[in-house]
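Quick notes on the structure that follows.
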Amino acid sequence: MAKISFAQKIKNLFSSHSKADDEFFEDLLDALIEGDIGAKTAMELVDTLQKKCAEEKISGEQEILLEMKKLLLPLVKEIKPETQKDKVCVWMILGVNGVGKTTTAAKLALIKKNQGENVVLSASDTFRAAAIEQLTMHAERTGIRIVSHQSGSDPAAVVFDACESVRAHGGGLVIADTAGRLHNKENLVHELEKIDRICKQKSDEGFYKKLLVIDATTGQNALRQAEVFNEAVGVDAVVLTKYDSSAKGGVVISIGKELSIPCAYVCTGESYEDIEEFNAEKYLDSFLGL
């Protein structure tokens, strides 16, 4: 059975309550928590909203939702990572296995290639042979250059070579796919720190960004992942994948509030074109069904 989207749940909530009373706000709290907004954030939000509705006599569905949007907007952060054609720019792509990280790297590379930039993919997940093969396949399909070493080699060396290649061409963007084996956290963190050092050294100042890919359907799990990667190397922005499923996607709100990490892109499907820049207003309208 298909999951009901958060917007649909909210719609159902209004149709099953004749007025915005305590019971309504309790059900709204449950819906927010199910929509992947953390319990603490959801409670604060509902308390503030309930007070505001009482004080200002707000009662209609549209009015309550608009009030809710106003409260949520400061928590949802957006960012557009900058690149410059004559600089060495690096985007390190982070994320656990299975979130669509390698495909997202290819999607981002194609956006930049279509904008006329010199883009190089760096196959820096050398732990999984399949990851190198997958990225190579994407590179061939999109006509984007790729730098890869053999399976098991030093991931930082791959990024080093990719950055050197871009500098030799007068600038451009290196998009580095990295490993995501969270169950082996200590090794992973050590590996990412090493790649991070090389990216910092080889990129031009202000043009290095760490993008964390998270799956919209994994809810609070995605928040935990953001905490782990942010602690390890720092995260500049998230990219949300599988936003087309039941797409609660409320975790973007949690990550914005708890970690102050903005969202840069959302992926809405499998094909290379199914990616767009994140827009906070548009996202909240869709999330709340406005």
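All residue names refer to the structure tokens as shown: chains lettered A, B, ... in order, residues numbered from 1 in each chain, ligands numbered from 1 in order.
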TODO: Extract, using only C-alpha atoms, all DNA, RNA and protein residues at most 10 Å from Ile261 of chain A, discarding same-chain residues fewer than 4 positions from it, and format them as a ChimeraX atom specification.
DONE: /A:75-79,212,226,230,234-238,252-257
Residue subset to file, keeping C-alpha atoms, as a tab-separated table (two decimals), in the first residue's frame:
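Saved file again02.tsv follows:
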chain	number	residue	atom	x	y	z
A	75	LEU	CA	14.30	26.40	9.97
A	76	VAL	CA	14.57	25.38	6.32
A	77	LYS	CA	17.84	26.60	4.90
A	78	GLU	CA	18.79	26.72	1.23
A	79	ILE	CA	22.17	27.20	-0.45
A	212	LEU	CA	25.89	15.01	1.98
A	226	ALA	CA	24.12	14.05	8.96
A	230	ASN	CA	29.19	16.60	10.09
A	234	GLY	CA	31.81	18.96	8.39
A	235	VAL	CA	28.90	19.19	5.93
A	236	ASP	CA	28.16	22.32	3.88
A	237	ALA	CA	24.89	21.20	2.35
A	238	VAL	CA	22.61	18.22	1.84
A	252	VAL	CA	15.38	18.74	5.85
A	253	ILE	CA	13.63	20.77	8.58
A	254	SER	CA	15.27	18.70	11.35
A	255	ILE	CA	18.73	18.98	9.76
A	256	GLY	CA	18.25	22.72	9.30
A	257	LYS	CA	17.15	23.25	12.88
TODO: Give me every strand (DSSP E) residue in segment 16-121 of chain A, going by DSSP on the backbone, as a VMD selection string.
DONE: chain A and resid 88 to 94 119 to 121
For those residues, write N, CA and C atoms to a file as a PDB file, in the first residue's frame.
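Writing done, so here's part-v8.pdb:
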ATOM      1  N   VAL A  88      39.883  26.143  -9.306  1.00  0.00           N
ATOM      2  CA  VAL A  88      39.759  24.700  -9.038  1.00  0.00           C
ATOM      3  C   VAL A  88      38.723  24.562  -7.923  1.00  0.00           C
ATOM      4  N   CYS A  89      37.554  24.036  -8.290  1.00  0.00           N
ATOM      5  CA  CYS A  89      36.442  23.868  -7.349  1.00  0.00           C
ATOM      6  C   CYS A  89      36.293  22.372  -7.064  1.00  0.00           C
ATOM      7  N   VAL A  90      35.981  22.046  -5.827  1.00  0.00           N
ATOM      8  CA  VAL A  90      35.813  20.633  -5.468  1.00  0.00           C
ATOM      9  C   VAL A  90      34.530  20.460  -4.676  1.00  0.00           C
ATOM     10  N   TRP A  91      33.722  19.483  -5.086  1.00  0.00           N
ATOM     11  CA  TRP A  91      32.568  19.056  -4.289  1.00  0.00           C
ATOM     12  C   TRP A  91      32.832  17.618  -3.854  1.00  0.00           C
ATOM     13  N   MET A  92      32.976  17.432  -2.543  1.00  0.00           N
ATOM     14  CA  MET A  92      33.124  16.070  -2.035  1.00  0.00           C
ATOM     15  C   MET A  92      31.735  15.539  -1.722  1.00  0.00           C
ATOM     16  N   ILE A  93      31.375  14.419  -2.340  1.00  0.00           N
ATOM     17  CA  ILE A  93      30.043  13.844  -2.160  1.00  0.00           C
ATOM     18  C   ILE A  93      30.098  12.784  -1.059  1.00  0.00           C
ATOM     19  N   LEU A  94      29.362  13.043   0.012  1.00  0.00           N
ATOM     20  CA  LEU A  94      29.338  12.147   1.179  1.00  0.00           C
ATOM     21  C   LEU A  94      28.001  11.418   1.248  1.00  0.00           C
ATOM     22  N   VAL A 119      34.175  19.711 -16.066  1.00  0.00           N
ATOM     23  CA  VAL A 119      33.865  18.871 -14.894  1.00  0.00           C
ATOM     24  C   VAL A 119      34.623  17.548 -14.988  1.00  0.00           C
ATOM     25  N   VAL A 120      35.174  17.136 -13.846  1.00  0.00           N
ATOM     26  CA  VAL A 120      35.843  15.840 -13.765  1.00  0.00           C
ATOM     27  C   VAL A 120      35.251  15.066 -12.588  1.00  0.00           C
ATOM     28  N   LEU A 121      34.874  13.815 -12.848  1.00  0.00           N
ATOM     29  CA  LEU A 121      34.399  12.945 -11.769  1.00  0.00           C
ATOM     30  C   LEU A 121      35.593  12.210 -11.177  1.00  0.00           C
TER      31      LEU A 121
END
Task: helix (DSSP H, G or I) per DSSP on the backbone: members of segment 99-169 of chain A, as a ChimeraX atom specification - done: /A:101-114,129-142,155-168
Considering only C-alpha atoms, tabulate each residue of segment 31-83 of chain A that lies at most 12 Å from segment 203-211 of chain A along with its nearest interatomic pair and the corresponding distance in Å to one decimal; arrange the rows by chain and ascending residue number and present them as CSV.
residue,atom,partner,partner_atom,distance
A:Ile79,CA,A:Leu211,CA,10.9
A:Lys80,CA,A:Lys209,CA,10.6
A:Pro81,CA,A:Lys209,CA,7.2
A:Glu82,CA,A:Phe207,CA,6.9
A:Thr83,CA,A:Phe207,CA,6.4
Task: Which of A:Ser5, A:Gln62, A:Thr41, A:Asn279 sits closest to Ala264 of chain A [using only C-alpha atoms] - done: A:Asn279
Task: 7 Å contact set for segment 22-32 of chain A, only C-alpha atoms, chain neighbours under 4 positions out, as a list in words - done: Lys9, His17, Asp36, Ile37, Ala42, Met43 and Val46 of chain A
Quick one: write out the picked residues with all heavy atoms as a PDB file, in the first residue's frame?
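To be explicit, this is the file written out as selection.pdb:
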ATOM      1  N   LYS A   9      -1.871  13.802   4.747  1.00  0.00           N
ATOM      2  CA  LYS A   9      -2.204  13.591   6.170  1.00  0.00           C
ATOM      3  C   LYS A   9      -2.780  14.866   6.777  1.00  0.00           C
ATOM      4  O   LYS A   9      -3.740  14.825   7.539  1.00  0.00           O
ATOM      5  CB  LYS A   9      -0.940  13.199   6.948  1.00  0.00           C
ATOM      6  CG  LYS A   9      -0.718  11.710   6.992  1.00  0.00           C
ATOM      7  CD  LYS A   9       0.444  11.362   7.899  1.00  0.00           C
ATOM      8  CE  LYS A   9       0.813   9.908   7.730  1.00  0.00           C
ATOM      9  NZ  LYS A   9       2.146   9.595   8.159  1.00  0.00           N
ATOM     10  N   HIS A  17     -11.468  17.105  11.701  1.00  0.00           N
ATOM     11  CA  HIS A  17     -11.685  17.977  12.874  1.00  0.00           C
ATOM     12  C   HIS A  17     -12.516  19.179  12.460  1.00  0.00           C
ATOM     13  O   HIS A  17     -12.170  19.862  11.508  1.00  0.00           O
ATOM     14  CB  HIS A  17     -10.350  18.469  13.446  1.00  0.00           C
ATOM     15  CG  HIS A  17      -9.570  17.387  14.135  1.00  0.00           C
ATOM     16  ND1 HIS A  17      -9.697  17.110  15.470  1.00  0.00           N
ATOM     17  CD2 HIS A  17      -8.650  16.514  13.656  1.00  0.00           C
ATOM     18  CE1 HIS A  17      -8.882  16.113  15.785  1.00  0.00           C
ATOM     19  NE2 HIS A  17      -8.234  15.732  14.694  1.00  0.00           N
ATOM     20  N   ASP A  36       8.634  13.128   9.881  1.00  0.00           N
ATOM     21  CA  ASP A  36      10.089  13.190  10.055  1.00  0.00           C
ATOM     22  C   ASP A  36      10.634  14.510  10.579  1.00  0.00           C
ATOM     23  O   ASP A  36      11.818  14.800  10.439  1.00  0.00           O
ATOM     24  CB  ASP A  36      10.842  12.818   8.758  1.00  0.00           C
ATOM     25  CG  ASP A  36      10.716  11.349   8.471  1.00  0.00           C
ATOM     26  OD1 ASP A  36      10.540  10.585   9.440  1.00  0.00           O
ATOM     27  OD2 ASP A  36      10.768  10.947   7.303  1.00  0.00           O
ATOM     28  N   ILE A  37       9.753  15.294  11.184  1.00  0.00           N
ATOM     29  CA  ILE A  37      10.265  16.440  11.931  1.00  0.00           C
ATOM     30  C   ILE A  37      10.483  15.874  13.331  1.00  0.00           C
ATOM     31  O   ILE A  37       9.602  15.241  13.888  1.00  0.00           O
ATOM     32  CB  ILE A  37       9.241  17.590  11.947  1.00  0.00           C
ATOM     33  CG1 ILE A  37       9.058  18.134  10.534  1.00  0.00           C
ATOM     34  CG2 ILE A  37       9.678  18.692  12.893  1.00  0.00           C
ATOM     35  CD1 ILE A  37       8.035  19.215  10.396  1.00  0.00           C
ATOM     36  N   ALA A  42       8.891  19.361  16.661  1.00  0.00           N
ATOM     37  CA  ALA A  42       7.443  19.292  16.432  1.00  0.00           C
ATOM     38  C   ALA A  42       6.670  19.865  17.625  1.00  0.00           C
ATOM     39  O   ALA A  42       5.710  20.622  17.446  1.00  0.00           O
ATOM     40  CB  ALA A  42       7.024  17.852  16.169  1.00  0.00           C
ATOM     41  N   MET A  43       7.099  19.534  18.849  1.00  0.00           N
ATOM     42  CA  MET A  43       6.421  20.045  20.054  1.00  0.00           C
ATOM     43  C   MET A  43       6.510  21.559  20.148  1.00  0.00           C
ATOM     44  O   MET A  43       5.521  22.240  20.406  1.00  0.00           O
ATOM     45  CB  MET A  43       7.040  19.421  21.310  1.00  0.00           C
ATOM     46  CG  MET A  43       6.567  18.011  21.590  1.00  0.00           C
ATOM     47  SD  MET A  43       7.419  17.377  23.055  1.00  0.00           S
ATOM     48  CE  MET A  43       7.186  15.632  22.831  1.00  0.00           C
ATOM     49  N   VAL A  46       4.215  23.111  17.434  1.00  0.00           N
ATOM     50  CA  VAL A  46       2.781  23.017  17.721  1.00  0.00           C
ATOM     51  C   VAL A  46       2.386  23.944  18.878  1.00  0.00           C
ATOM     52  O   VAL A  46       1.351  24.606  18.824  1.00  0.00           O
ATOM     53  CB  VAL A  46       2.358  21.548  17.971  1.00  0.00           C
ATOM     54  CG1 VAL A  46       0.932  21.463  18.502  1.00  0.00           C
ATOM     55  CG2 VAL A  46       2.469  20.742  16.675  1.00  0.00           C
TER      56      VAL A  46
END
